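Data from entry_31.cif: mmCIF, C-alpha atoms
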data_data
loop_
_atom_site.label_atom_id
_atom_site.label_comp_id
_atom_site.auth_asym_id
_atom_site.auth_seq_id
_atom_site.Cartn_x
_atom_site.Cartn_y
_atom_site.Cartn_z
CA MET A 282 0.00 0.00 0.00
CA GLN A 283 1.07 3.58 -0.68
CA GLN A 284 0.86 5.38 2.68
CA PHE A 285 0.23 9.12 2.94
CA THR A 286 0.55 11.17 6.15
CA PRO A 287 -0.59 14.66 7.19
CA ALA A 288 3.00 16.00 6.93
CA GLU A 289 2.98 14.91 3.31
CA TRP A 290 -0.31 16.46 2.18
CA GLN A 291 0.37 19.64 4.16
CA SER A 292 3.54 20.05 2.09
CA TRP A 293 1.64 19.74 -1.21
CA GLU A 294 0.68 22.63 -3.45
CA ARG A 295 -2.86 23.83 -2.59
CA LEU A 296 -4.66 22.54 -5.70
CA TYR A 297 -2.90 19.15 -5.61
CA ARG A 298 -4.01 18.74 -1.99
CA ALA A 299 -7.57 19.85 -2.79
CA ASN A 300 -7.82 17.37 -5.68
CA PHE A 301 -6.45 14.51 -3.59
CA ILE A 302 -8.51 15.12 -0.43
CA ASN A 303 -11.71 15.94 -2.34
CA SER A 304 -11.54 12.82 -4.49
CA LEU A 305 -10.55 10.48 -1.63
CA THR A 306 -14.01 10.44 -0.07
CA GLY A 307 -15.68 9.06 -3.16
CA PHE A 308 -18.57 9.67 -5.50
CA LYS A 309 -21.25 12.18 -4.65
CA SER A 310 -24.35 13.87 -5.93
CA ALA A 311 -23.57 17.07 -7.82
CA SER A 312 -26.72 19.17 -8.07
CA LEU A 313 -27.65 22.75 -8.91
CA ILE A 314 -29.08 24.82 -6.06
CA GLY A 315 -31.45 27.56 -7.23
CA THR A 316 -32.16 30.61 -5.07
CA ILE A 317 -33.32 34.18 -5.48
CA ASN A 318 -31.98 37.27 -3.73
CA ALA A 319 -33.88 40.09 -2.01
CA GLN A 320 -33.77 42.12 -5.25
CA GLY A 321 -35.37 39.25 -7.20
CA ILE A 322 -32.21 38.19 -9.03
CA PRO A 323 -31.93 34.39 -9.33
CA ASN A 324 -28.75 32.55 -8.40
CA LEU A 325 -27.70 29.09 -9.51
CA GLY A 326 -24.73 27.20 -8.12
CA MET A 327 -23.25 23.71 -8.25
CA PHE A 328 -23.03 21.86 -4.93
CA SER A 329 -21.61 18.39 -4.44
CA SER A 330 -22.16 17.96 -0.71
CA ILE A 331 -25.85 17.07 -0.64
CA VAL A 332 -26.43 14.63 2.22
CA HIS A 333 -29.52 12.69 3.31
CA ILE A 334 -30.36 13.54 6.94
CA GLY A 335 -33.64 11.66 7.37
CA SER A 336 -36.81 10.44 5.65
CA ASP A 337 -39.52 11.26 8.21
CA PRO A 338 -39.44 14.21 8.44
CA ALA A 339 -37.70 14.44 5.06
CA LEU A 340 -34.53 16.44 5.79
CA ILE A 341 -31.70 17.08 3.35
CA GLY A 342 -28.43 18.89 4.08
CA TYR A 343 -25.56 20.41 2.18
CA VAL A 344 -22.25 21.91 3.29
CA ASN A 345 -21.78 25.58 2.45
CA ARG A 346 -18.18 26.78 2.30
CA PRO A 347 -17.04 29.78 4.36
CA VAL A 348 -19.19 32.83 3.62
CA ALA A 349 -16.25 34.77 2.16
CA ALA A 350 -15.75 32.03 -0.46
CA ALA A 351 -19.41 31.25 -1.25
CA PRO A 352 -21.72 34.03 -0.08
CA HIS A 353 -24.69 34.21 -2.47
CA THR A 354 -26.55 30.92 -2.12
CA LEU A 355 -26.50 31.00 1.67
CA ALA A 356 -27.51 34.67 1.88
CA ASN A 357 -30.42 34.03 -0.50
CA ILE A 358 -31.58 30.98 1.44
CA LYS A 359 -31.55 33.01 4.66
CA ALA A 360 -33.47 35.87 3.05
CA ASN A 361 -36.06 33.75 1.23
CA GLY A 362 -36.32 30.52 3.20
CA LEU A 363 -36.87 28.37 0.09
CA TYR A 364 -34.39 26.87 -2.35
CA THR A 365 -34.49 24.29 -5.14
CA VAL A 366 -32.16 21.37 -5.81
CA ASN A 367 -31.94 20.22 -9.42
CA HIS A 368 -30.34 17.05 -10.78
CA ILE A 369 -27.77 17.41 -13.55
CA HIS A 370 -27.79 15.33 -16.75
CA PRO A 371 -25.07 14.96 -19.40
CA SER A 372 -27.01 17.12 -21.91
CA PHE A 373 -26.32 20.29 -19.87
CA LEU A 374 -23.33 19.26 -17.76
CA ASP A 375 -21.05 21.89 -19.29
CA LYS A 376 -23.54 24.63 -18.40
CA ALA A 377 -24.00 23.24 -14.89
CA HIS A 378 -20.24 23.19 -14.30
CA GLN A 379 -19.97 26.76 -15.52
CA THR A 380 -22.22 27.95 -12.65
CA SER A 381 -19.28 27.28 -10.33
CA ALA A 382 -17.49 30.35 -11.74
CA LYS A 383 -17.41 33.30 -9.32
CA TYR A 384 -20.06 35.62 -10.73
CA PRO A 385 -20.99 38.84 -8.92
CA ASP A 386 -24.27 38.84 -6.95
CA GLU A 387 -26.09 40.88 -9.62
CA VAL A 388 -25.46 38.25 -12.30
CA ASN A 389 -28.22 35.74 -13.05
CA GLU A 390 -26.31 32.48 -13.63
CA PHE A 391 -29.27 30.96 -15.50
CA LYS A 392 -28.88 33.55 -18.27
CA GLU A 393 -25.09 33.57 -18.06
CA VAL A 394 -24.66 29.82 -18.63
CA GLY A 395 -27.75 29.24 -20.81
CA LEU A 396 -30.12 27.32 -18.53
CA THR A 397 -33.83 28.08 -18.20
CA GLU A 398 -35.63 29.36 -15.10
CA GLU A 399 -38.86 27.55 -14.27
CA TYR A 400 -41.37 28.54 -11.59
CA ILE A 401 -44.31 26.62 -10.18
CA GLN A 402 -47.32 28.03 -8.37
CA GLY A 403 -46.69 29.15 -4.80
CA ILE A 404 -42.90 28.59 -4.94
CA HIS A 405 -40.97 31.82 -5.46
CA VAL A 406 -37.59 30.29 -6.26
CA PRO A 407 -36.41 29.08 -9.65
CA PHE A 408 -36.05 25.48 -10.76
CA VAL A 409 -33.85 24.44 -13.69
CA LYS A 410 -36.29 23.61 -16.47
CA GLU A 411 -33.82 21.22 -18.13
CA SER A 412 -33.53 19.09 -14.98
CA LEU A 413 -35.61 15.89 -14.91
CA ILE A 414 -35.61 15.51 -11.12
CA LYS A 415 -35.82 18.49 -8.78
CA TYR A 416 -37.17 19.43 -5.40
CA VAL A 417 -37.83 22.36 -3.08
CA LEU A 418 -36.43 22.68 0.43
CA SER A 419 -37.44 25.09 3.19
CA LEU A 420 -34.63 26.16 5.50
CA LYS A 421 -34.85 24.50 8.92
CA GLU A 422 -31.41 25.04 10.45
CA ILE A 423 -27.92 26.32 9.72
CA LEU A 424 -25.37 24.48 11.84
CA PRO A 425 -22.03 26.30 11.98
CA ILE A 426 -19.00 24.01 11.72
CA LEU A 427 -16.49 26.07 13.68
CA LEU A 428 -13.56 23.81 12.77
CA ASN A 429 -13.28 25.45 9.34
CA ASN A 430 -16.05 28.09 9.20
CA THR A 431 -18.33 26.03 6.99
CA PHE A 432 -22.04 25.38 7.58
CA LEU A 433 -24.33 22.39 7.44
CA VAL A 434 -27.49 23.85 5.89
CA ILE A 435 -30.54 21.66 6.55
CA GLY A 436 -33.82 21.96 4.67
CA GLN A 437 -37.13 20.16 4.82
CA LEU A 438 -38.55 18.68 1.62
CA GLU A 439 -41.60 20.66 0.43
CA GLN A 440 -42.20 19.57 -3.14
CA VAL A 441 -40.78 17.08 -5.65
CA LEU A 442 -40.95 17.26 -9.45
CA ILE A 443 -40.07 14.19 -11.53
CA ASP A 444 -40.16 13.88 -15.30
CA PRO A 445 -42.89 11.47 -16.49
CA SER A 446 -40.21 9.31 -18.13
CA LEU A 447 -39.15 8.14 -14.65
CA GLN A 448 -41.73 6.21 -12.64
CA PRO A 449 -40.89 5.30 -9.03
CA SER A 450 -40.32 1.55 -8.66
CA ILE A 451 -42.98 -0.54 -6.96
CA ASP A 452 -41.20 0.02 -3.63
CA GLY A 453 -40.68 3.78 -4.10
CA PHE A 454 -37.06 3.63 -5.30
CA LEU A 455 -36.00 6.05 -8.07
CA HIS A 456 -33.72 4.53 -10.72
CA LEU A 457 -31.78 7.75 -11.33
CA ASP A 458 -29.49 6.09 -13.86
CA GLN A 459 -32.52 5.73 -16.16
CA VAL A 460 -32.73 9.52 -16.55
CA GLY A 461 -28.96 9.97 -16.52
CA SER A 462 -28.59 11.92 -13.29
CA ILE A 463 -24.82 12.30 -13.07
CA CYS A 464 -22.57 11.82 -10.10
CA SER A 465 -19.31 13.59 -9.44
CA ASN A 466 -16.01 13.24 -7.67
CA GLY A 467 -13.39 15.72 -6.56
CA LEU A 468 -13.66 19.27 -7.87
CA ASP A 469 -14.38 18.67 -11.54
CA ALA A 470 -14.98 15.02 -12.54
CA TYR A 471 -18.43 13.78 -13.60
CA TYR A 472 -19.68 10.23 -14.13
CA ASN A 473 -22.49 8.15 -15.50
CA THR A 474 -23.53 5.16 -13.42
CA ILE A 475 -24.33 1.52 -14.17
CA LEU A 476 -26.45 -0.45 -11.72
CA ILE A 477 -24.62 -3.42 -10.20
CA ASN A 478 -27.54 -4.63 -8.11
CA ARG A 479 -30.08 -3.84 -5.45
CA PHE A 480 -29.67 -6.00 -2.35
CA ALA A 481 -32.25 -7.42 0.03
CA TYR A 482 -32.57 -5.93 3.52
CA ALA A 483 -29.67 -7.45 5.49
CA LYS A 484 -30.41 -9.59 8.54
CA PRO A 485 -27.90 -11.31 10.82
CA GLY A 486 -26.93 -14.71 9.46
CA SER A 487 -28.42 -14.28 5.99
CA ILE A 488 -25.19 -14.03 3.97
CA ALA A 489 -24.62 -17.82 3.91
CA MET B 101 -43.87 16.77 -14.50
CA GLN B 102 -45.14 14.42 -11.81
CA GLN B 103 -45.56 16.54 -8.68
CA PHE B 104 -45.32 15.10 -5.17
CA THR B 105 -46.27 16.96 -1.97
CA PRO B 106 -45.60 16.35 1.74
CA ALA B 107 -49.21 15.20 2.30
CA GLU B 108 -48.59 12.52 -0.29
CA TRP B 109 -45.31 11.08 1.03
CA GLN B 110 -46.55 11.28 4.61
CA SER B 111 -49.42 9.00 3.59
CA TRP B 112 -47.05 6.39 2.11
CA GLU B 113 -46.02 3.17 3.78
CA ARG B 114 -42.76 3.67 5.74
CA LEU B 115 -40.43 1.68 3.46
CA TYR B 116 -41.88 3.17 0.26
CA ARG B 117 -41.27 6.67 1.68
CA ALA B 118 -37.74 5.74 2.82
CA ASN B 119 -36.87 4.38 -0.64
CA PHE B 120 -38.26 7.43 -2.42
CA ILE B 121 -36.74 10.11 -0.16
CA ASN B 122 -33.40 8.32 0.17
CA SER B 123 -32.99 7.87 -3.57
CA LEU B 124 -34.15 11.38 -4.48
CA THR B 125 -30.95 13.07 -3.32
CA GLY B 126 -28.76 11.12 -5.70
CA PHE B 127 -25.63 9.03 -5.78
CA LYS B 128 -23.32 8.84 -2.81
CA SER B 129 -20.23 7.20 -1.48
CA ALA B 130 -21.01 3.97 0.39
CA SER B 131 -18.05 3.06 2.59
CA LEU B 132 -17.32 0.75 5.48
CA ILE B 133 -16.49 2.42 8.79
CA GLY B 134 -14.23 0.32 11.02
CA THR B 135 -14.09 0.88 14.78
CA ILE B 136 -13.20 -1.05 17.93
CA ASN B 137 -15.04 -1.05 21.23
CA ALA B 138 -13.64 -0.67 24.77
CA GLN B 139 -13.46 -4.48 25.09
CA GLY B 140 -11.37 -4.72 21.92
CA ILE B 141 -14.13 -6.14 19.71
CA PRO B 142 -14.05 -4.67 16.17
CA ASN B 143 -17.15 -3.25 14.52
CA LEU B 144 -17.72 -2.74 10.81
CA GLY B 145 -20.70 -0.89 9.35
CA MET B 146 -21.83 0.49 6.00
CA PHE B 147 -22.37 4.26 5.82
CA SER B 148 -23.53 6.18 2.78
CA SER B 149 -23.49 9.71 4.17
CA ILE B 150 -19.78 10.51 3.94
CA VAL B 151 -19.40 14.22 3.16
CA HIS B 152 -16.34 16.35 2.38
CA ILE B 153 -16.09 19.23 4.88
CA GLY B 154 -12.76 20.76 3.90
CA SER B 155 -9.31 20.09 2.48
CA ASP B 156 -7.06 22.20 4.73
CA PRO B 157 -7.43 21.03 7.43
CA ALA B 158 -8.68 17.80 5.87
CA LEU B 159 -12.07 17.22 7.51
CA ILE B 160 -14.58 14.53 6.59
CA GLY B 161 -18.06 14.05 8.04
CA TYR B 162 -20.75 11.42 8.10
CA VAL B 163 -24.29 11.43 9.45
CA ASN B 164 -24.98 8.96 12.26
CA ARG B 165 -28.60 7.95 12.74
CA PRO B 166 -30.27 8.26 16.15
CA VAL B 167 -28.32 6.38 18.81
CA ALA B 168 -31.17 3.93 19.44
CA ALA B 169 -31.07 2.87 15.77
CA ALA B 170 -27.28 2.84 15.25
CA PRO B 171 -25.40 2.78 18.55
CA HIS B 172 -22.14 0.85 18.07
CA THR B 173 -20.07 2.84 15.59
CA LEU B 174 -20.67 6.15 17.35
CA ALA B 175 -20.02 4.71 20.83
CA ASN B 176 -16.76 3.17 19.62
CA ILE B 177 -15.63 6.39 17.96
CA LYS B 178 -16.29 8.30 21.18
CA ALA B 179 -14.42 5.70 23.25
CA ASN B 180 -11.41 5.31 20.94
CA GLY B 181 -11.18 8.57 19.01
CA LEU B 182 -9.99 6.87 15.80
CA TYR B 183 -11.96 5.20 13.02
CA THR B 184 -11.25 3.93 9.52
CA VAL B 185 -13.20 4.52 6.31
CA ASN B 186 -12.80 1.84 3.63
CA HIS B 187 -13.90 1.97 -0.01
CA ILE B 188 -16.08 -0.86 -1.29
CA HIS B 189 -15.43 -2.72 -4.55
CA PRO B 190 -17.70 -5.12 -6.45
CA SER B 191 -15.61 -8.17 -5.41
CA PHE B 192 -16.86 -7.89 -1.81
CA LEU B 193 -20.02 -5.81 -2.18
CA ASP B 194 -22.29 -8.59 -0.88
CA LYS B 195 -20.18 -8.86 2.29
CA ALA B 196 -20.11 -5.08 2.71
CA HIS B 197 -23.90 -4.85 2.39
CA GLN B 198 -24.30 -7.61 4.96
CA THR B 199 -22.59 -5.44 7.63
CA SER B 200 -25.77 -3.34 7.65
CA ALA B 201 -27.59 -6.16 9.48
CA LYS B 202 -28.26 -5.39 13.15
CA TYR B 203 -25.66 -7.49 14.92
CA PRO B 204 -25.26 -7.32 18.73
CA ASP B 205 -22.31 -5.29 20.07
CA GLU B 206 -20.31 -8.43 20.94
CA VAL B 207 -20.32 -9.63 17.33
CA ASN B 208 -17.28 -8.89 15.15
CA GLU B 209 -18.80 -8.05 11.75
CA PHE B 210 -15.50 -8.73 9.98
CA LYS B 211 -15.71 -12.42 10.96
CA GLU B 212 -19.47 -12.56 10.53
CA VAL B 213 -19.48 -11.38 6.90
CA GLY B 214 -16.08 -12.75 5.86
CA LEU B 215 -13.91 -9.65 5.53
CA THR B 216 -10.36 -9.38 6.87
CA GLU B 217 -9.14 -7.09 9.67
CA GLU B 218 -5.91 -5.24 8.91
CA TYR B 219 -3.91 -3.11 11.33
CA ILE B 220 -1.02 -0.73 10.70
CA GLN B 221 1.55 0.49 13.19
CA GLY B 222 0.31 3.07 15.69
CA ILE B 223 -3.35 2.86 14.60
CA HIS B 224 -5.47 0.73 16.93
CA VAL B 225 -8.55 0.44 14.74
CA PRO B 226 -9.12 -2.09 11.97
CA PHE B 227 -9.01 -1.43 8.25
CA VAL B 228 -10.68 -3.71 5.72
CA LYS B 229 -7.78 -5.58 4.07
CA GLU B 230 -9.78 -6.15 0.87
CA SER B 231 -10.33 -2.40 0.36
CA LEU B 232 -8.01 -0.68 -2.13
CA ILE B 233 -8.52 2.86 -0.76
CA LYS B 234 -8.91 3.55 2.95
CA TYR B 235 -8.15 6.20 5.50
CA VAL B 236 -8.08 6.95 9.21
CA LEU B 237 -9.99 9.77 10.88
CA SER B 238 -9.59 11.17 14.39
CA LEU B 239 -12.78 12.48 15.97
CA LYS B 240 -12.91 16.28 16.08
CA GLU B 241 -16.55 17.09 16.74
CA ILE B 242 -20.00 15.55 17.06
CA LEU B 243 -22.67 18.05 16.02
CA PRO B 244 -26.15 17.03 17.22
CA ILE B 245 -28.91 17.61 14.64
CA LEU B 246 -31.82 18.15 16.98
CA LEU B 247 -34.39 18.15 14.15
CA ASN B 248 -34.32 14.34 14.03
CA ASN B 249 -31.80 13.23 16.69
CA THR B 250 -29.05 12.43 14.19
CA PHE B 251 -25.43 13.57 14.42
CA LEU B 252 -22.88 15.04 12.05
CA VAL B 253 -19.66 13.28 13.09
CA ILE B 254 -16.57 15.13 11.89
CA GLY B 255 -13.10 13.63 11.78
CA GLN B 256 -9.70 14.88 10.73
CA LEU B 257 -7.72 12.86 8.19
CA GLU B 258 -4.73 11.16 9.83
CA GLN B 259 -3.52 8.56 7.34
CA VAL B 260 -4.35 7.39 3.81
CA LEU B 261 -3.64 3.96 2.29
CA ILE B 262 -3.96 3.47 -1.47
CA ASP B 263 -3.30 0.30 -3.43
CA PRO B 264 -0.24 0.61 -5.70
CA SER B 265 -2.46 -0.06 -8.73
CA LEU B 266 -3.90 3.46 -8.34
CA GLN B 267 -1.48 6.35 -8.76
CA PRO B 268 -2.73 9.89 -8.07
CA SER B 269 -3.03 11.91 -11.28
CA ILE B 270 -0.46 14.60 -11.98
CA ASP B 271 -2.76 17.11 -10.24
CA GLY B 272 -3.52 14.92 -7.22
CA PHE B 273 -6.90 13.60 -8.40
CA LEU B 274 -7.76 9.96 -7.67
CA HIS B 275 -9.51 8.12 -10.53
CA LEU B 276 -11.60 5.92 -8.23
CA ASP B 277 -13.35 4.27 -11.18
CA GLN B 278 -10.00 2.66 -12.09
CA VAL B 279 -10.08 0.58 -8.90
CA GLY B 280 -13.83 0.06 -9.02
CA SER B 281 -14.84 1.99 -5.90
CA ILE B 282 -18.62 1.66 -5.99
CA CYS B 283 -21.22 4.33 -5.40
CA SER B 284 -24.68 3.80 -4.00
CA ASN B 285 -28.15 5.24 -3.98
CA GLY B 286 -31.09 4.83 -1.68
CA LEU B 287 -30.96 2.07 0.90
CA ASP B 288 -29.67 -0.83 -1.17
CA ALA B 289 -28.62 0.02 -4.76
CA TYR B 290 -24.98 -0.04 -5.85
CA TYR B 291 -23.36 1.26 -9.02
CA ASN B 292 -20.20 1.25 -11.07
CA THR B 293 -19.22 4.56 -12.63
CA ILE B 294 -18.00 5.65 -16.07
CA LEU B 295 -16.10 8.92 -16.40
CA ILE B 296 -17.86 11.48 -18.60
CA ASN B 297 -15.18 14.13 -18.30
CA ARG B 298 -13.12 16.34 -16.06
CA PHE B 299 -13.78 20.04 -16.62
CA ALA B 300 -11.44 23.01 -16.44
CA TYR B 301 -11.75 25.43 -13.51
CA ALA B 302 -14.76 27.60 -14.37
CA LYS B 303 -14.27 31.36 -14.78
CA PRO B 304 -16.91 33.95 -15.64
CA GLY B 305 -17.41 34.23 -19.38
CA SER B 306 -15.46 31.13 -20.34
CA ILE B 307 -18.37 28.96 -21.51
CA ALA B 308 -18.61 30.59 -24.94
#

Translate the structure of the given file into structure tokens.
Amino acid sequence: MQQFTPAEWQSWERLYRANFINSLTGFKSASLIGTINAQGIPNLGMFSSIVHIGSDPALIGYVNRPVAAAPHTLANIKANGLYTVNHIHPSFLDKAHQTSAKYPDEVNEFKEVGLTEEYIQGIHVPFVKESLIKYVLSLKEILPILLNNTFLVIGQLEQVLIDPSLQPSIDGFLHLDQVGSICSNGLDAYYNTILINRFAYAKPGSIA
Amino acid sequence: MQQFTPAEWQSWERLYRANFINSLTGFKSASLIGTINAQGIPNLGMFSSIVHIGSDPALIGYVNRPVAAAPHTLANIKANGLYTVNHIHPSFLDKAHQTSAKYPDEVNEFKEVGLTEEYIQGIHVPFVKESLIKYVLSLKEILPILLNNTFLVIGQLEQVLIDPSLQPSIDGFLHLDQVGSICSNGLDAYYNTILINRFAYAKPGSIA
């Protein structure tokens, strides 16, 4: 085995370390978070730290970087209370990735990268029209992570939109690979997925 | 679009709701967390909520379910301070999945499912020998999520072991697909990945 120690990665150039540490933890769900600021200007940003917190109540978290590095999404969520999360598919992956550029607050990333705002009744934040699976969260809690000035932002699920081409399985499961929802790794790598298998609920003794 | 509302998923049967909500948020990194209890008995469990918190310092989190539902890993981490995270590959996916069965605290899941404990000098928690990418975390903080009695458990990276067959790219990135690290979705679905592309660092205006 190749063995790496803290002294080693602390000596690395910043981007080399970021690539290594970010990719080490494995594949993740890259999604576009849609918000709107107090002046009514939409914001769209790529986030790859979406994490399932619980199913009942349905709570979903993401990690927001320090405010100085990533101010707009978090400020908009605080101001508005609602935000959308939109799956990314290969057909607009280049546009989705481009939202990670540092645009000023007055720039509407939808227009800038060429994606389409979509609104539904009663929800005053934009979805990504091109996305085949998307949902709305209402802010429930912002947990500061003092270790590195990041935040765990937790929202409650308020609404789900799924393209008619994807029907939930008989047991509720969504076969995301069938609509090409991508996954990501590290800072800039994106992947398609191929189902290996679904497994039965594990009980002690049942592997034999 | 098919539209789903809270009233709808709250009316669903528990497992249908869990499958739907869990799979909605997308692909994730399923890994095996290795710990050891105060009596020296190893514990191995599958976790699919690993989340990158930061690269410098290198901080990695996971969400632990309520203590009543998932007591052993968290208790062991608190008692020992160190824990390992081990990537899963298709060759032992069935064994990895089986660790999610509810074994009593005195059962060593390594032996029960047929995986091999591995120890390195100075680190008194077990790795999974069969895993090609694995790392050690030291507990830094346990953030209670009072909304549903879960916990964000944050560790600092102390040691990384990578099989010689995987060399970091010239910029530090780890091509996990080359060693078949799996990703997961929902409660029980596992996937291989196929690289679509790595993208250049996004700057305003560069999409044209």

Inset, instruction - Find the residues around range 305-313 of chain A up to 9 Å (only C-alpha atoms counted), leave out those fewer than 3 positions away in its own chain, and share them as a ChimeraX atom specification. - result: /A:300-302,325-332,365-369,377,380,409,462-467,471-472 /B:125-131,150-152,160,185,187,233-235,260,273-274,276,281-284,293

Legend entry - Residues matched by the PyMOL selection byres ((chain B and resi 261) around 10) as a PyMOL selection string: (chain A and resi 282-286) or (chain B and resi 186+220+227+231-236+259-260+262-264)

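Minimum atom-to-atom distances from A:Val388, A:Leu396, A:Ala339, A:Ala350 to chain B were compared using all atoms listed in the file, and the lowest value belongs to A:Ala339.
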
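Among the candidate residues A:Lys392, A:Lys410, A:Arg298, A:Lys359, the one lying nearest to chain B is A:Arg298, with distances computed using only C-alpha atoms.
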
Inset, instruction - Mind checking which residues fall within 12 Å of Leu340 in chain A, counting only C-alpha atoms, ignoring those fewer than 5 positions away in the same chain, and posting them as a ChimeraX atom specification? - result: /A:331-335,416-422,433-439 /B:106,118,121-122,124-125,163,245-250

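Here CA of Ala288 in chain A is placed at a distance of 20.9 Å from CA of Leu266 in chain B.
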
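Residue nearest chain B, chosen from A:Arg295, A:Asp386, A:Thr316, A:Ala349 and counting only C-alpha atoms: A:Arg295.
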
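Here CA of Leu296 in chain A is placed at a distance of 7.9 Å from CA of Gly272 in chain B.
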
Inset, instruction - Would you please work out which residue, of B:Gly140, B:Pro171, B:Pro157, B:Gly280, is nearest to chain A when using all atoms listed in the file? - result: B:Pro157

Inset, instruction - Quick one: pull the distance between CA of Asn478 in chain A and CA of Ala201 in chain B, Å, one decimal. - result: 17.7 Å
